[in-house]
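Enquirer: Here it is: the structure, laid out below.
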Amino acid sequence: MTSTKSAARAPAVSVGRRFAVCAASAAVLIAAAVIGQLVFSLSFEPDEPLFFFTNFFSFFTILSNVLAVIVLTASAVVISLGKRPPLWFWAVFTAMSTYMVTTGIVYNALLRGVSLDQESTLGWSNEVLHLIGPLLVAALWWFAPARAGLSWRHLRLAAVFPLAWGVYTVLRGAVVGWYPYPFMNPAQPGGYGAVLGYMAAIAAVIIGVDALLVGLSRRTRERA
């Protein structure tokens, strides 16, 4: 009886360890990309370091990728220890995945080829932050062992951070005259109306992506 249980548990442990290794590897790659871009931008010796650092960490891309590093590292540790993450952890993991996938969609649809601030862009880092990272996170979310099914109320949770970021970006931009993305700048044709239009479109993408992930989480839980 004991040997049968041990044999049944072995594949689950093996899957968990493989996931932990993949999650940790993705976290290291994404962290390297964030640090690489930061160091590369600093090599241009910005005149106002505090302003530079605040701007750097005001990009939705950077914030999403930093969150991904934290969540992926935590998931690798917890699952490698053989523990079952609680429901709230999967809620955070899914929200993070939503932001990363949205980052990939928005960048490749609106910003690829557009020169942004923070001096020059580091090529390989840019691809990791906007394409490879989001794809890795989506894959890890899909293959995560013992991933919990989520309530549709998760849509409200996922909307909190982007909403707070949008309000912060618009208010800070009005004060300091700097915006992380061209479509957030009211100086563009259409003014604040255009800004609100872009923000509404991005909000729709975020809600759409999160709804897809929540739906998939509920479906795969029902099949389990």
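By convention here, the chains of the structure tokens are called A, B, ... in the order presented, each chain's residues are numbered starting at 1, and ligands are numbered starting at 1 in the order presented.
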Give me the residues near Ile35 (chain A) as a CSV table (one decimal) with N, CA, C and O atoms, in the first residue's frame, where near means some atom within 9 Å (using only C-alpha atoms) and where sequence neighbours in that chain fewer than 5 positions away do not count.

Expert:
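Once everything was written out, this is part.csv:
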chain,number,residue,atom,x,y,z
A,30,ILE,N,14.2,37.2,-16.8
A,30,ILE,CA,13.4,38.4,-16.7
A,30,ILE,C,14.1,39.5,-15.8
A,30,ILE,O,14.2,40.6,-16.2
A,40,PHE,N,22.2,49.7,-18.7
A,40,PHE,CA,22.4,50.2,-20.0
A,40,PHE,C,22.0,51.7,-20.1
A,40,PHE,O,22.7,52.6,-20.6
A,125,SER,N,17.2,42.8,-24.1
A,125,SER,CA,16.4,43.0,-22.9
A,125,SER,C,14.9,43.4,-23.4
A,125,SER,O,14.0,42.9,-22.8

Enquirer: Looking at only C-alpha atoms, which of A:Ile206, A:Leu111, A:Ala74, A:Ala211 is the one that sits closest to Arg153 (chain A)?

Expert: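 Of the candidates, the smallest distance to Arg153 (chain A) is held by A:Ala211.
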
Enquirer: Which residues are close to region 50-60 of chain A, i.e. within 12 Å by only C-alpha atoms, leaving aside same-chain residues fewer than 4 positions away? Reply as a ChimeraX atom specification.

Expert: /A:34-35,37-42,44-46,64-67,96,99-104,106-107,116-119,121,129-130,161-170,172-173,176-182,184,202

Enquirer: Restricting it to C-alpha atoms, dump the selection as a PDB file, in the first residue's frame.

Expert:
ATOM      1  CA  VAL A  34      15.255  44.472 -16.218  1.00  0.00           C
ATOM      2  CA  ILE A  35      18.700  44.978 -14.678  1.00  0.00           C
ATOM      3  CA  GLN A  37      18.113  47.733 -19.392  1.00  0.00           C
ATOM      4  CA  LEU A  38      18.578  49.725 -16.174  1.00  0.00           C
ATOM      5  CA  VAL A  39      22.376  49.490 -16.293  1.00  0.00           C
ATOM      6  CA  PHE A  40      22.440  50.250 -20.023  1.00  0.00           C
ATOM      7  CA  SER A  41      20.285  53.349 -19.542  1.00  0.00           C
ATOM      8  CA  LEU A  42      22.410  54.489 -16.604  1.00  0.00           C
ATOM      9  CA  PHE A  44      24.248  57.444 -20.521  1.00  0.00           C
ATOM     10  CA  GLU A  45      24.658  59.251 -17.180  1.00  0.00           C
ATOM     11  CA  PRO A  46      21.266  60.924 -16.734  1.00  0.00           C
ATOM     12  CA  SER A  64       4.828  43.998 -14.660  1.00  0.00           C
ATOM     13  CA  ASN A  65       8.161  42.266 -15.196  1.00  0.00           C
ATOM     14  CA  VAL A  66       9.358  43.025 -11.657  1.00  0.00           C
ATOM     15  CA  LEU A  67       6.107  41.545 -10.342  1.00  0.00           C
ATOM     16  CA  MET A  96       0.546  38.929 -12.914  1.00  0.00           C
ATOM     17  CA  TYR A  99      -0.356  42.056 -16.950  1.00  0.00           C
ATOM     18  CA  MET A 100       2.512  40.290 -18.696  1.00  0.00           C
ATOM     19  CA  VAL A 101       0.338  39.058 -21.564  1.00  0.00           C
ATOM     20  CA  THR A 102      -1.207  42.534 -21.890  1.00  0.00           C
ATOM     21  CA  THR A 103       2.294  44.040 -21.985  1.00  0.00           C
ATOM     22  CA  GLY A 104       3.167  41.767 -24.883  1.00  0.00           C
ATOM     23  CA  VAL A 106       0.070  46.335 -26.296  1.00  0.00           C
ATOM     24  CA  TYR A 107       3.771  46.672 -27.074  1.00  0.00           C
ATOM     25  CA  LEU A 116      10.684  55.494 -25.999  1.00  0.00           C
ATOM     26  CA  ASP A 117      12.352  57.532 -23.262  1.00  0.00           C
ATOM     27  CA  GLN A 118      15.015  56.315 -20.805  1.00  0.00           C
ATOM     28  CA  GLU A 119      17.791  56.839 -23.347  1.00  0.00           C
ATOM     29  CA  THR A 121      16.766  50.518 -25.649  1.00  0.00           C
ATOM     30  CA  LEU A 129      10.511  42.156 -21.449  1.00  0.00           C
ATOM     31  CA  HIS A 130       7.954  42.505 -24.240  1.00  0.00           C
ATOM     32  CA  PHE A 161      -3.244  47.725 -10.340  1.00  0.00           C
ATOM     33  CA  PRO A 162      -3.701  48.970 -13.955  1.00  0.00           C
ATOM     34  CA  LEU A 163      -6.296  51.498 -12.772  1.00  0.00           C
ATOM     35  CA  ALA A 164      -3.988  52.791 -10.036  1.00  0.00           C
ATOM     36  CA  TRP A 165      -1.088  52.936 -12.511  1.00  0.00           C
ATOM     37  CA  GLY A 166      -3.185  54.859 -15.050  1.00  0.00           C
ATOM     38  CA  VAL A 167      -4.301  57.452 -12.510  1.00  0.00           C
ATOM     39  CA  TYR A 168      -0.741  57.811 -11.179  1.00  0.00           C
ATOM     40  CA  THR A 169       0.680  58.204 -14.690  1.00  0.00           C
ATOM     41  CA  VAL A 170      -1.780  60.895 -15.761  1.00  0.00           C
ATOM     42  CA  ARG A 172       2.272  62.662 -12.294  1.00  0.00           C
ATOM     43  CA  GLY A 173       2.633  63.475 -15.979  1.00  0.00           C
ATOM     44  CA  VAL A 176       6.381  66.763 -14.186  1.00  0.00           C
ATOM     45  CA  GLY A 177       5.589  66.841 -17.912  1.00  0.00           C
ATOM     46  CA  TRP A 178       6.746  63.260 -18.569  1.00  0.00           C
ATOM     47  CA  TYR A 179       4.769  60.226 -19.693  1.00  0.00           C
ATOM     48  CA  PRO A 180       6.125  56.676 -20.087  1.00  0.00           C
ATOM     49  CA  TYR A 181       4.272  56.046 -23.365  1.00  0.00           C
ATOM     50  CA  PRO A 182       3.310  58.394 -26.224  1.00  0.00           C
ATOM     51  CA  MET A 184      -0.531  58.558 -22.416  1.00  0.00           C
ATOM     52  CA  ILE A 202      -5.977  48.765 -22.827  1.00  0.00           C
TER      53      ILE A 202
END

Enquirer: Rank nothing, just name the residue among A:Leu171, A:Val28, A:Leu155, A:Val137 nearest to Phe93 (chain A), using only C-alpha atoms.

Expert: A:Val137

Enquirer: With distances taken over only C-alpha atoms, which of A:Ala148, A:Ala32, A:Ala26, A:Ala174 is nearest to Ala91 (chain A)?

Expert: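 Between A:Ala148, A:Ala32, A:Ala26, A:Ala174, the residue approaching Ala91 (chain A) most closely is A:Ala148.
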
Enquirer: Pick out the residues sitting within 12 Å of Pro86 (chain A), and hand them over as a PyMOL selection string; count only C-alpha atoms, and ignore anything fewer than 5 positions along from it in its own chain.

Expert: chain A and resi 75+78-79+91-93+146-150

Enquirer: Selected residues, all heavy atoms, written as a compact mmCIF listing (two decimals), in the first residue's frame, please.

Expert:
# COMPACT_ATOMS: atom_id res chain seq x y z
N SER A 75 6.71 31.15 -6.47
CA SER A 75 6.07 29.90 -6.89
C SER A 75 7.10 28.78 -7.00
O SER A 75 6.82 27.62 -6.63
CB SER A 75 5.35 30.09 -8.22
OG SER A 75 6.26 30.38 -9.27
N VAL A 78 7.90 27.69 -3.31
CA VAL A 78 6.79 27.00 -2.65
C VAL A 78 6.56 25.61 -3.25
O VAL A 78 6.45 24.61 -2.53
CB VAL A 78 5.50 27.84 -2.75
CG1 VAL A 78 4.29 27.03 -2.26
CG2 VAL A 78 5.64 29.11 -1.94
N ILE A 79 6.52 25.53 -4.57
CA ILE A 79 6.24 24.25 -5.22
C ILE A 79 7.41 23.29 -5.10
O ILE A 79 7.23 22.08 -4.97
CB ILE A 79 5.85 24.49 -6.69
CG1 ILE A 79 4.49 25.22 -6.73
CG2 ILE A 79 5.76 23.18 -7.47
CD1 ILE A 79 4.02 25.59 -8.11
N ALA A 91 -4.48 33.58 -7.43
CA ALA A 91 -5.13 34.82 -7.85
C ALA A 91 -4.08 35.86 -8.24
O ALA A 91 -4.19 36.55 -9.27
CB ALA A 91 -6.03 35.35 -6.74
N VAL A 92 -3.02 35.96 -7.42
CA VAL A 92 -1.93 36.89 -7.72
C VAL A 92 -1.17 36.44 -8.96
O VAL A 92 -0.82 37.25 -9.83
CB VAL A 92 -0.97 37.01 -6.52
CG1 VAL A 92 0.25 37.85 -6.88
CG2 VAL A 92 -1.69 37.62 -5.32
N PHE A 93 -0.91 35.14 -9.07
CA PHE A 93 -0.19 34.58 -10.22
C PHE A 93 -0.97 34.88 -11.51
O PHE A 93 -0.37 35.27 -12.53
CB PHE A 93 -0.03 33.06 -10.05
CG PHE A 93 0.99 32.44 -10.96
CD1 PHE A 93 2.19 31.97 -10.44
CD2 PHE A 93 0.77 32.32 -12.32
CE1 PHE A 93 3.15 31.39 -11.28
CE2 PHE A 93 1.71 31.75 -13.16
CZ PHE A 93 2.91 31.28 -12.64
N ALA A 146 -1.38 21.83 -10.03
CA ALA A 146 -2.38 22.09 -8.99
C ALA A 146 -2.89 23.53 -9.02
O ALA A 146 -3.23 24.11 -7.99
CB ALA A 146 -1.81 21.78 -7.61
N ARG A 147 -2.94 24.13 -10.24
CA ARG A 147 -3.45 25.50 -10.35
C ARG A 147 -4.94 25.51 -10.01
O ARG A 147 -5.71 24.69 -10.47
CB ARG A 147 -3.22 26.02 -11.77
CG ARG A 147 -3.84 27.38 -12.03
CD ARG A 147 -3.36 27.99 -13.32
NE ARG A 147 -3.23 27.05 -14.41
CZ ARG A 147 -4.27 26.58 -15.11
NH1 ARG A 147 -5.50 26.93 -14.79
NH2 ARG A 147 -4.07 25.74 -16.11
N ALA A 148 -5.34 26.47 -9.17
CA ALA A 148 -6.72 26.53 -8.68
C ALA A 148 -7.63 27.25 -9.67
O ALA A 148 -7.20 28.13 -10.41
CB ALA A 148 -6.76 27.23 -7.33
N GLY A 149 -8.91 26.86 -9.67
CA GLY A 149 -9.93 27.58 -10.43
C GLY A 149 -10.31 28.85 -9.69
O GLY A 149 -10.37 28.87 -8.46
N LEU A 150 -10.52 29.93 -10.42
CA LEU A 150 -10.78 31.22 -9.80
C LEU A 150 -12.22 31.69 -10.02
O LEU A 150 -12.87 31.31 -11.00
CB LEU A 150 -9.82 32.28 -10.37
CG LEU A 150 -8.33 32.02 -10.15
CD1 LEU A 150 -7.51 33.06 -10.91
CD2 LEU A 150 -7.99 32.06 -8.67

Enquirer: Restricting the calculation to only C-alpha atoms: of A:Ala158, A:Gly36, A:Ala200, A:Asn108, which residue gets closest to Ile132 (chain A)?

Expert: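 The answer is A:Asn108, which sits nearest to Ile132 (chain A).
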
Enquirer: Just want the 12 Å neighbourhood of Ala139 (chain A), counted on only C-alpha atoms, with same-chain residues fewer than 3 positions away dropped. Output as a list of chain:residue names.

Expert: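 The residues that qualify are A:Phe19, A:Cys22, A:Ala23, A:Ala26, A:Thr94, A:Ser97, A:Met100, A:Val101, A:Ile132, A:Gly133, A:Pro134, A:Leu135, A:Leu136, A:Trp142, A:Phe143, A:Ala144, A:Pro145, A:Leu213.
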
Enquirer: With distances taken over only C-alpha atoms, which of A:Ala24, A:Ala95, A:Ala194, A:Leu72 is nearest to Leu212 (chain A)?

Expert: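 Of the candidates, the smallest distance to Leu212 (chain A) is held by A:Ala95.
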
Enquirer: Among region 114-204 of chain A, which residues does DSSP mark as alpha helix (DSSP H) when it is run on the backbone? Keep the chain and numbering as in the structure and answer as a ChimeraX atom specification.

Expert: /A:123-127,133-143,154-176,191-204
